[in-house]
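Visitor: Structure incoming, see below.
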Amino acid sequence: MSSTILLTIIMLSALGLLASVILYFVAQKFKITEDPRIDIVTEALPGVNCGGCGFSGCRALAEALVKSTSMEGLNCPVGGAETMNSVAVILERQAVAVEPKVAVVRCNGTPENCTRTSFYDGAVSCRVAHALYGGTTGCQYGCLSCGDCVAACKFDAMYMDPVTQLPVIIDEKCVSCGACVKACPRNIIELRKRNKKDRKIYVSCVNKDKGGPARRACQVACIGCGKCVKVCPYDAITMVDNLAFIDSFKCKLCRKCAPECPTGSILEINFPVKEQKPAEPAAAETN
Amino acid sequence: MLKTFPKGGIHPPENKLTADKPIEVLPLPAQVTVPVAQHIGAPATPVVEKGASVKTGQLIAQAKGFVSANIHSPVSGKVNKIEPVIDTTGYKQMACVIDVEGDEWVETVDRSTGLVKEITMTREQIIERCQQCGLVGLGGATFPTHIKLTVPAGKKCDLLIINGVECEPFLTSDHRLMLEKGAEVLTGASIIMKALGVDRAVVGIEANKPDAIAHLTELAKDFKAITIQPLKVKYPQGGEKQLIKSCTGREVPSGGLPLDVGVVVQNVGTAFAVYEAVQKNKPLIERVVTVTGRSVSKPGNFLVRIGTPVTRLIEATGGMPDDTGKVVNGGPMMGKALSMTDVPVTKGTSGIILFPEEGSRRAEVLPCIRCGKCSTACAMGLEPWLISALSEKGMFEKAEQEKITDCMECGACAYTCPAKRPLLDYIRLGKTTVIRMARERITK
């Protein structure tokens with residue numbers, strides 16, 4: 001009886017020893033030496049895995065940061081300058097200053113401005129609606145109001161306004177990860193430079209039709225008249241396919257263009273109500 | 001026991017309200033809008049300018065590239081403008097707007113009504129004529145006919161199937177065409193047979209059209225090579241692959257074409273158009289459209305010039321009923337709702353159906369209960385619940401593995417779904433995305 005127990009113990013111990021020896025050599029053979037800094041950098045990143053940096057997640061960005069020689073082109077929009085500076089300290093490199101951005105919805109097709117011509121009854125998804133037909137209004141460029149962008153936002157920075165039927169971006173919460181930009185099948189949402197006090201001047205329209213048809217579809221459409229292009233002292237406004245576009249990195253927020261727009265498609269947000277030059281005319285450099 | 005396809009299928013109420021309504025010629029409208037892309041493939045390039053006078057049947061847009069089709073003026077008059085207009089999809093696309101003045105035809109078109117049975121043209125001439133006349137498949141897919149008639153080297157074709165199934169509820173345009181232009185359709189079939197170099201043709205007709213079966217069987221006595229095949233009523237029998245299975249028992253492989261099993265399928269409408277193009281040199285400028293609906297006062301089948309506004313068609317049936325909630329372009333199963341009725345009839349418009357407000361909206365969408373009804377109904381043997389969910393979640397690679405591109409969008413799955421899930425909406429999205437992905441892979 002006791003010999004059986006003894007034999008079992010010896011057998012199992014021998015097996016265990018053999019297995020550990022094999023495992024040791026296998027581990028040596030397939031050893032992966034990982035830069036320990038990847039873990040440290042991953043810790044320093046926000047860890048939301050939003051994909052805003054262009055990589056599949058925070059760890060992928062950390063790997064890229066550790067492997068590359070400079071930090072050019074690698075940026076975490078969620079953490080911003082603070083995070084990137086701490087990463088720079090870990091990696092003993094120079095941080096590259098990146099302008100903070102914010103997402104902006106470039107459509108003002110509220111039911112009041114843009115008459116609804118039909119009723120969409122299909123699956124509640126902008127991508128489906130966009131693939132099927134032109135939309136519930138006469139404008140085939142505007143917001144479809146199904147909320148794909150809101151569903152894509154991981155930071156609770158968006159909601160659908162039931163009255164305007166347009167998505168609203170909460171500036172304080174937006175981290176400019178770009179998920180909504182990718183989710184929108186009509187490229188309405190754009191990442192623009194974040195200015196002081198979240199001030200914005202932008203063309204709130206993406207309609208590429210000529211003036212007449214654009215205006216017929218929506219009261220506040222950009223009709224491509226070019227008045228804003230002429231008045232801009234900083235060459236920030238360009239006109240492509242009957243649609244004005246204000247480059248947020250060239251714009252100095254001088255507020256000359258908005259009053260010129262005959263349809264009111266250029267919006268000024270978070271400015272003092274009174275129509276006068278703002279206290280700081282060159283509020284361009286914010287960081 | 002009548003033949004049919006074995007896998008899946010449903011039987012929606014037929015509602016063929018216009019089956020006994022003869023084809024009426026719709027008077028010319030005051031203005032027509034002719035889109036330059038009425039077919040699968042590259043849009044045609046306009047060859048007329050603003051202000052130019054055109055005659056009926058004159059070429060106004062030249063095919064661009066191989067997969068494309070010519071567009072001819074359906075009326076005579078002046079080109080008012082060439083600019084993007086909203087078409088049946090709700091999106092804008094380039095179109096020629098022509099103000100109608102009289103009805104003066106191009107001299108080359110033989111406008112006599114007598115039947116010409118003798119086929120004098122050679123294979124190449126027939127195919128060339130189809131190309132010149134801008135012929136496309138009139139069953140709905142609008143694939144350029146000349147490509148379908150050109151059997152590529154290495155492939156063998158031994159059978160032509162003429163599709164007279166018309167399995168979509170409500171639609172009767174093909175049915176009426178078979179009854180009224182039966183001899184022309186069969187002559188057209190003979191012409192296609194010559195172009196393909198086959199010596200046998202089958203006309204598949206569902207058993208709910210006994211008059212058409214009897215009429216064509218009688219006529220087919222003069223056409224030795226053509227047999228009429230009555231089929232059991234089942235949707236979607238009009239699908240190319242289902243019809244081949246029903247008529248011959250051959251199964252087109254996944255991702256393959258009918259030519260892989262030696263068959264070419266053409267719609268009866270196309271056969272008629274081929275007859276008119278080859279024997280009368282008449283381009284494709286008009287087609288038969290069924291305009292119907294439960295509350296429509298005078299539903300009917302109309303011979304309509306391409307580019308006529310849908311509004312005109314609805315007026316011809318006694319105006320839009322007050323209770324209309326939805327206007328569908330095409331059949332009720334595969335057609336798409338129109339966002340406005342001021343859009344032109346195109347080569348692919350087979351019907352306009354007006355649904356009353358009541359019942360036209362979709363019911364509340366409930367969670368999938370995994371009952372498997374959609375899988376049973378799918379005639380392609382797919383799992384609609386799975387591919388639709390994969391597409392909804394953006395898992396397009398997986399959807400591709402599950403053969404989402406085999407789906408022909410017949411809508412049988414969404415029709416049977418007890419939870420009223422928008423299965424087809426997501427499958428359509430997935431299909432277009434997967435096809436685009438595949439194309440990008442090739443170009444890379």
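Chain labels follow the order of the structure tokens: the first chain is A, the next B, and so on; residue numbering restarts at 1 in every chain, and ligands are counted from 1 in their shown order.
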Residues of chain A within 9 Å of chain B, counting only C-alpha atoms, what are they? List them as an NGL selection string.

Guide: :A and (117-123 or 125 or 127-129 or 131-140)

Visitor: Suppose we keep N, CA and C atoms; can you now write the selection as a short mmCIF file (atom, residue, chain, number, x, y, z; two decimals), in the first residue's frame?

Guide:
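Result file again-v2.cif:
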```
data_model
loop_
_atom_site.label_atom_id
_atom_site.label_comp_id
_atom_site.auth_asym_id
_atom_site.auth_seq_id
_atom_site.Cartn_x
_atom_site.Cartn_y
_atom_site.Cartn_z
N THR A 117 -39.49 66.51 -47.18
CA THR A 117 -40.31 66.15 -48.33
C THR A 117 -40.84 64.72 -48.25
N SER A 118 -40.22 63.91 -47.42
CA SER A 118 -40.68 62.53 -47.33
C SER A 118 -40.39 62.01 -45.93
N PHE A 119 -40.81 60.78 -45.69
CA PHE A 119 -40.64 60.18 -44.37
C PHE A 119 -39.81 58.92 -44.53
N TYR A 120 -38.73 58.81 -43.78
CA TYR A 120 -37.88 57.64 -43.89
C TYR A 120 -38.34 56.58 -42.90
N ASP A 121 -38.55 55.38 -43.42
CA ASP A 121 -39.17 54.33 -42.61
C ASP A 121 -38.27 53.11 -42.48
N GLY A 122 -37.05 53.21 -42.98
CA GLY A 122 -36.18 52.04 -42.97
C GLY A 122 -35.44 51.87 -41.66
N ALA A 123 -34.41 51.04 -41.68
CA ALA A 123 -33.59 50.82 -40.50
C ALA A 123 -33.00 52.15 -40.03
N SER A 125 -30.45 54.00 -39.32
CA SER A 125 -29.01 54.04 -39.48
C SER A 125 -28.70 54.96 -40.64
N ARG A 127 -26.02 55.16 -42.35
CA ARG A 127 -25.33 54.48 -43.45
C ARG A 127 -26.33 53.79 -44.36
N VAL A 128 -27.36 53.15 -43.76
CA VAL A 128 -28.38 52.48 -44.56
C VAL A 128 -29.15 53.52 -45.36
N ALA A 129 -29.61 54.57 -44.68
CA ALA A 129 -30.41 55.59 -45.35
C ALA A 129 -29.62 56.23 -46.49
N ALA A 131 -27.21 54.90 -48.23
CA ALA A 131 -27.04 53.97 -49.35
C ALA A 131 -28.33 53.81 -50.13
N LEU A 132 -29.48 54.03 -49.47
CA LEU A 132 -30.75 53.79 -50.14
C LEU A 132 -31.25 54.96 -50.95
N TYR A 133 -31.19 56.15 -50.39
CA TYR A 133 -31.79 57.27 -51.12
C TYR A 133 -31.27 58.61 -50.64
N GLY A 134 -31.77 59.67 -51.23
CA GLY A 134 -31.24 61.01 -51.01
C GLY A 134 -31.53 61.64 -49.67
N GLY A 135 -32.51 61.12 -48.95
CA GLY A 135 -32.82 61.70 -47.66
C GLY A 135 -34.22 62.27 -47.60
N THR A 136 -34.62 62.68 -46.39
CA THR A 136 -35.99 63.13 -46.19
C THR A 136 -36.21 64.57 -46.64
N THR A 137 -35.16 65.23 -47.06
CA THR A 137 -35.31 66.61 -47.53
C THR A 137 -34.89 66.68 -49.00
N GLY A 138 -34.99 67.86 -49.55
CA GLY A 138 -34.55 68.03 -50.93
C GLY A 138 -33.04 68.05 -51.04
N CYS A 139 -32.34 68.13 -49.90
CA CYS A 139 -30.89 68.23 -49.92
C CYS A 139 -30.26 66.85 -49.81
N GLN A 140 -29.47 66.47 -50.79
CA GLN A 140 -28.88 65.13 -50.76
C GLN A 140 -27.51 65.12 -50.08
#
```

Visitor: Excluding Met193 of chain B and any residue of its chain fewer than 6 positions from it, enumerate the residues within 12 Å of it, using only C-alpha atoms, and give them as a PDB file with C-alpha atoms, in the first residue's frame.

Guide:
```
ATOM      1  CA  ILE B 119     -34.030  36.982 -89.305  1.00  0.00           C
ATOM      2  CA  THR B 122     -25.736  37.648 -88.625  1.00  0.00           C
ATOM      3  CA  ARG B 123     -24.737  37.084 -85.018  1.00  0.00           C
ATOM      4  CA  ILE B 126     -27.505  41.450 -83.999  1.00  0.00           C
ATOM      5  CA  ILE B 127     -25.174  42.152 -81.098  1.00  0.00           C
ATOM      6  CA  LYS B 148     -25.053  39.352 -72.098  1.00  0.00           C
ATOM      7  CA  LEU B 149     -25.415  38.212 -75.697  1.00  0.00           C
ATOM      8  CA  THR B 150     -21.658  38.022 -76.247  1.00  0.00           C
ATOM      9  CA  VAL B 151     -20.603  34.571 -75.071  1.00  0.00           C
ATOM     10  CA  CYS B 157     -24.013  28.266 -73.953  1.00  0.00           C
ATOM     11  CA  ASP B 158     -26.631  25.681 -74.890  1.00  0.00           C
ATOM     12  CA  LEU B 159     -29.922  27.117 -73.663  1.00  0.00           C
ATOM     13  CA  LEU B 160     -31.791  30.407 -73.624  1.00  0.00           C
ATOM     14  CA  ILE B 161     -34.415  30.981 -70.949  1.00  0.00           C
ATOM     15  CA  ILE B 162     -36.963  33.715 -71.506  1.00  0.00           C
ATOM     16  CA  LEU B 186     -41.005  34.712 -79.514  1.00  0.00           C
ATOM     17  CA  THR B 187     -39.359  36.212 -82.619  1.00  0.00           C
ATOM     18  CA  ASP B 199     -30.750  25.864 -80.708  1.00  0.00           C
ATOM     19  CA  ARG B 200     -33.120  25.636 -77.775  1.00  0.00           C
ATOM     20  CA  ALA B 201     -35.111  28.132 -75.744  1.00  0.00           C
ATOM     21  CA  VAL B 202     -37.532  27.807 -72.848  1.00  0.00           C
ATOM     22  CA  PHE B 223     -41.280  28.226 -83.389  1.00  0.00           C
ATOM     23  CA  ALA B 225     -37.003  25.445 -80.961  1.00  0.00           C
ATOM     24  CA  ILE B 226     -39.027  27.223 -78.285  1.00  0.00           C
ATOM     25  CA  VAL B 263     -27.618  29.277 -69.793  1.00  0.00           C
ATOM     26  CA  VAL B 264     -28.536  32.872 -70.603  1.00  0.00           C
ATOM     27  CA  VAL B 265     -31.706  34.370 -69.154  1.00  0.00           C
ATOM     28  CA  GLN B 266     -33.526  37.284 -70.751  1.00  0.00           C
ATOM     29  CA  ALA B 271     -36.947  39.889 -75.950  1.00  0.00           C
ATOM     30  CA  VAL B 274     -34.544  42.976 -79.131  1.00  0.00           C
ATOM     31  CA  TYR B 275     -37.226  42.215 -81.722  1.00  0.00           C
TER      32      TYR B 275
END
```

Visitor: Tell me, as a ChimeraX atom specification, which residues lie within 10 Å of Pro321 of chain B, counting only C-alpha atoms; anything in the same chain fewer than 4 positions away does not count.

Guide: /B:293-297,314,317,325,354-356

Visitor: Show which residues sit within 8 Å of Pro22 of chain B, as a PDB file with C-alpha atoms, in the first residue's frame. Count only C-alpha atoms, and ignore same-chain residues fewer than 2 positions away.

Guide:
```pdb
ATOM      1  CA  ASP B  20     -56.848  42.002 -67.720  1.00  0.00           C
ATOM      2  CA  GLU B  24     -52.556  51.705 -73.187  1.00  0.00           C
ATOM      3  CA  ARG B 176     -49.687  41.835 -70.857  1.00  0.00           C
ATOM      4  CA  GLU B 180     -50.478  41.267 -76.759  1.00  0.00           C
ATOM      5  CA  GLY B 300     -53.539  49.877 -65.781  1.00  0.00           C
ATOM      6  CA  ASN B 301     -50.586  48.963 -67.959  1.00  0.00           C
TER       7      ASN B 301
END
```

Visitor: Measure the distance from atom CA of Ser73 of chain B to atom CA of Lys55 of chain B in Å and round it to one decimal.

Guide: 6.8 Å

Visitor: Taking the DSSP assignment computed from this structure's backbone, write out as a ChimeraX atom specification all residues of segment 110-158 of chain A that belong to alpha helix (DSSP H).

Guide: /A:126-132,148-152

Visitor: With N, CA and C atoms retained, could you export that selection as a PDB file, in the first residue's frame?

Guide:
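Result file is part33.pdb:
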```
ATOM      1  N   CYS A 126     -27.829  55.944 -40.398  1.00  0.00           N
ATOM      2  CA  CYS A 126     -27.492  56.890 -41.463  1.00  0.00           C
ATOM      3  C   CYS A 126     -26.866  56.177 -42.649  1.00  0.00           C
ATOM      4  N   ARG A 127     -26.022  55.163 -42.354  1.00  0.00           N
ATOM      5  CA  ARG A 127     -25.330  54.477 -43.446  1.00  0.00           C
ATOM      6  C   ARG A 127     -26.327  53.794 -44.364  1.00  0.00           C
ATOM      7  N   VAL A 128     -27.355  53.150 -43.755  1.00  0.00           N
ATOM      8  CA  VAL A 128     -28.381  52.478 -44.556  1.00  0.00           C
ATOM      9  C   VAL A 128     -29.154  53.517 -45.360  1.00  0.00           C
ATOM     10  N   ALA A 129     -29.611  54.571 -44.679  1.00  0.00           N
ATOM     11  CA  ALA A 129     -30.407  55.594 -45.349  1.00  0.00           C
ATOM     12  C   ALA A 129     -29.619  56.226 -46.490  1.00  0.00           C
ATOM     13  N   HIS A 130     -28.336  56.476 -46.239  1.00  0.00           N
ATOM     14  CA  HIS A 130     -27.502  57.118 -47.257  1.00  0.00           C
ATOM     15  C   HIS A 130     -27.343  56.222 -48.480  1.00  0.00           C
ATOM     16  N   ALA A 131     -27.211  54.897 -48.228  1.00  0.00           N
ATOM     17  CA  ALA A 131     -27.042  53.974 -49.347  1.00  0.00           C
ATOM     18  C   ALA A 131     -28.335  53.808 -50.126  1.00  0.00           C
ATOM     19  N   LEU A 132     -29.481  54.031 -49.474  1.00  0.00           N
ATOM     20  CA  LEU A 132     -30.751  53.789 -50.135  1.00  0.00           C
ATOM     21  C   LEU A 132     -31.248  54.963 -50.949  1.00  0.00           C
ATOM     22  N   ASP A 148     -26.017  58.085 -36.323  1.00  0.00           N
ATOM     23  CA  ASP A 148     -24.861  57.185 -36.338  1.00  0.00           C
ATOM     24  C   ASP A 148     -23.677  57.803 -35.583  1.00  0.00           C
ATOM     25  N   CYS A 149     -23.541  59.125 -35.676  1.00  0.00           N
ATOM     26  CA  CYS A 149     -22.426  59.810 -35.021  1.00  0.00           C
ATOM     27  C   CYS A 149     -22.568  59.749 -33.510  1.00  0.00           C
ATOM     28  N   VAL A 150     -23.803  59.929 -33.037  1.00  0.00           N
ATOM     29  CA  VAL A 150     -24.047  59.891 -31.594  1.00  0.00           C
ATOM     30  C   VAL A 150     -23.727  58.496 -31.053  1.00  0.00           C
ATOM     31  N   ALA A 151     -24.121  57.463 -31.822  1.00  0.00           N
ATOM     32  CA  ALA A 151     -23.848  56.088 -31.398  1.00  0.00           C
ATOM     33  C   ALA A 151     -22.348  55.811 -31.395  1.00  0.00           C
ATOM     34  N   ALA A 152     -21.614  56.475 -32.284  1.00  0.00           N
ATOM     35  CA  ALA A 152     -20.177  56.209 -32.390  1.00  0.00           C
ATOM     36  C   ALA A 152     -19.390  56.895 -31.279  1.00  0.00           C
TER      37      ALA A 152
END
```

Visitor: I want to know what sits within 12 Å of Met121 of chain B, based on only C-alpha atoms, with residues of the same chain fewer than 5 positions away left out; could you give that as a list of chain:residue names?

Guide: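 Result of the neighbour search: B:Ile126, B:Ile127, B:Glu128, B:Arg129, B:Cys130, B:Ser190, B:Ile191, B:Ile192, B:Lys194, B:Ala195, B:Tyr275, B:Ala277, B:Val278, B:Gln279, B:Asn281.
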
Visitor: Write down as a PyMOL selection string the residues belonging to segment 45-80 of chain B that are assigned strand (DSSP E or B) by DSSP computed on the backbone.

Guide: chain B and resi 45-46+53-54+56+59-62+71-72+77-80

Visitor: Could the residues of segment 84-131 of chain A that have an atom at most 7 Å from segment 219-241 of chain A be listed as a tab-separated table, each with its closest atom pair and the distance in Å to one decimal, counting only C-alpha atoms and ordered by chain and ascending residue number?

Guide:
```
residue	atom	partner	partner_atom	distance
A:Asn108	CA	A:Val220	CA	6.9
A:Asn113	CA	A:Gln219	CA	5.1
A:Cys114	CA	A:Gln219	CA	6.3
```

Visitor: Restricted to N, CA and C atoms, what would the selected residues look like written as a compact mmCIF listing (two decimals), in the first residue's frame?

Guide:
```txt
# COMPACT_ATOMS: atom_id res chain seq x y z
N ASN A 108 -27.07 72.75 -41.06
CA ASN A 108 -28.05 73.48 -40.26
C ASN A 108 -29.45 73.21 -40.80
N ASN A 113 -35.54 75.22 -41.49
CA ASN A 113 -34.74 75.71 -42.60
C ASN A 113 -34.86 74.86 -43.85
N CYS A 114 -35.07 73.59 -43.64
CA CYS A 114 -34.98 72.63 -44.72
C CYS A 114 -36.23 71.76 -44.68
```

Visitor: Can you tell me how far atom CA of Leu259 of chain B sits from atom CA of Gly137 of chain B, in Å to one decimal?

Guide: 15.8 Å
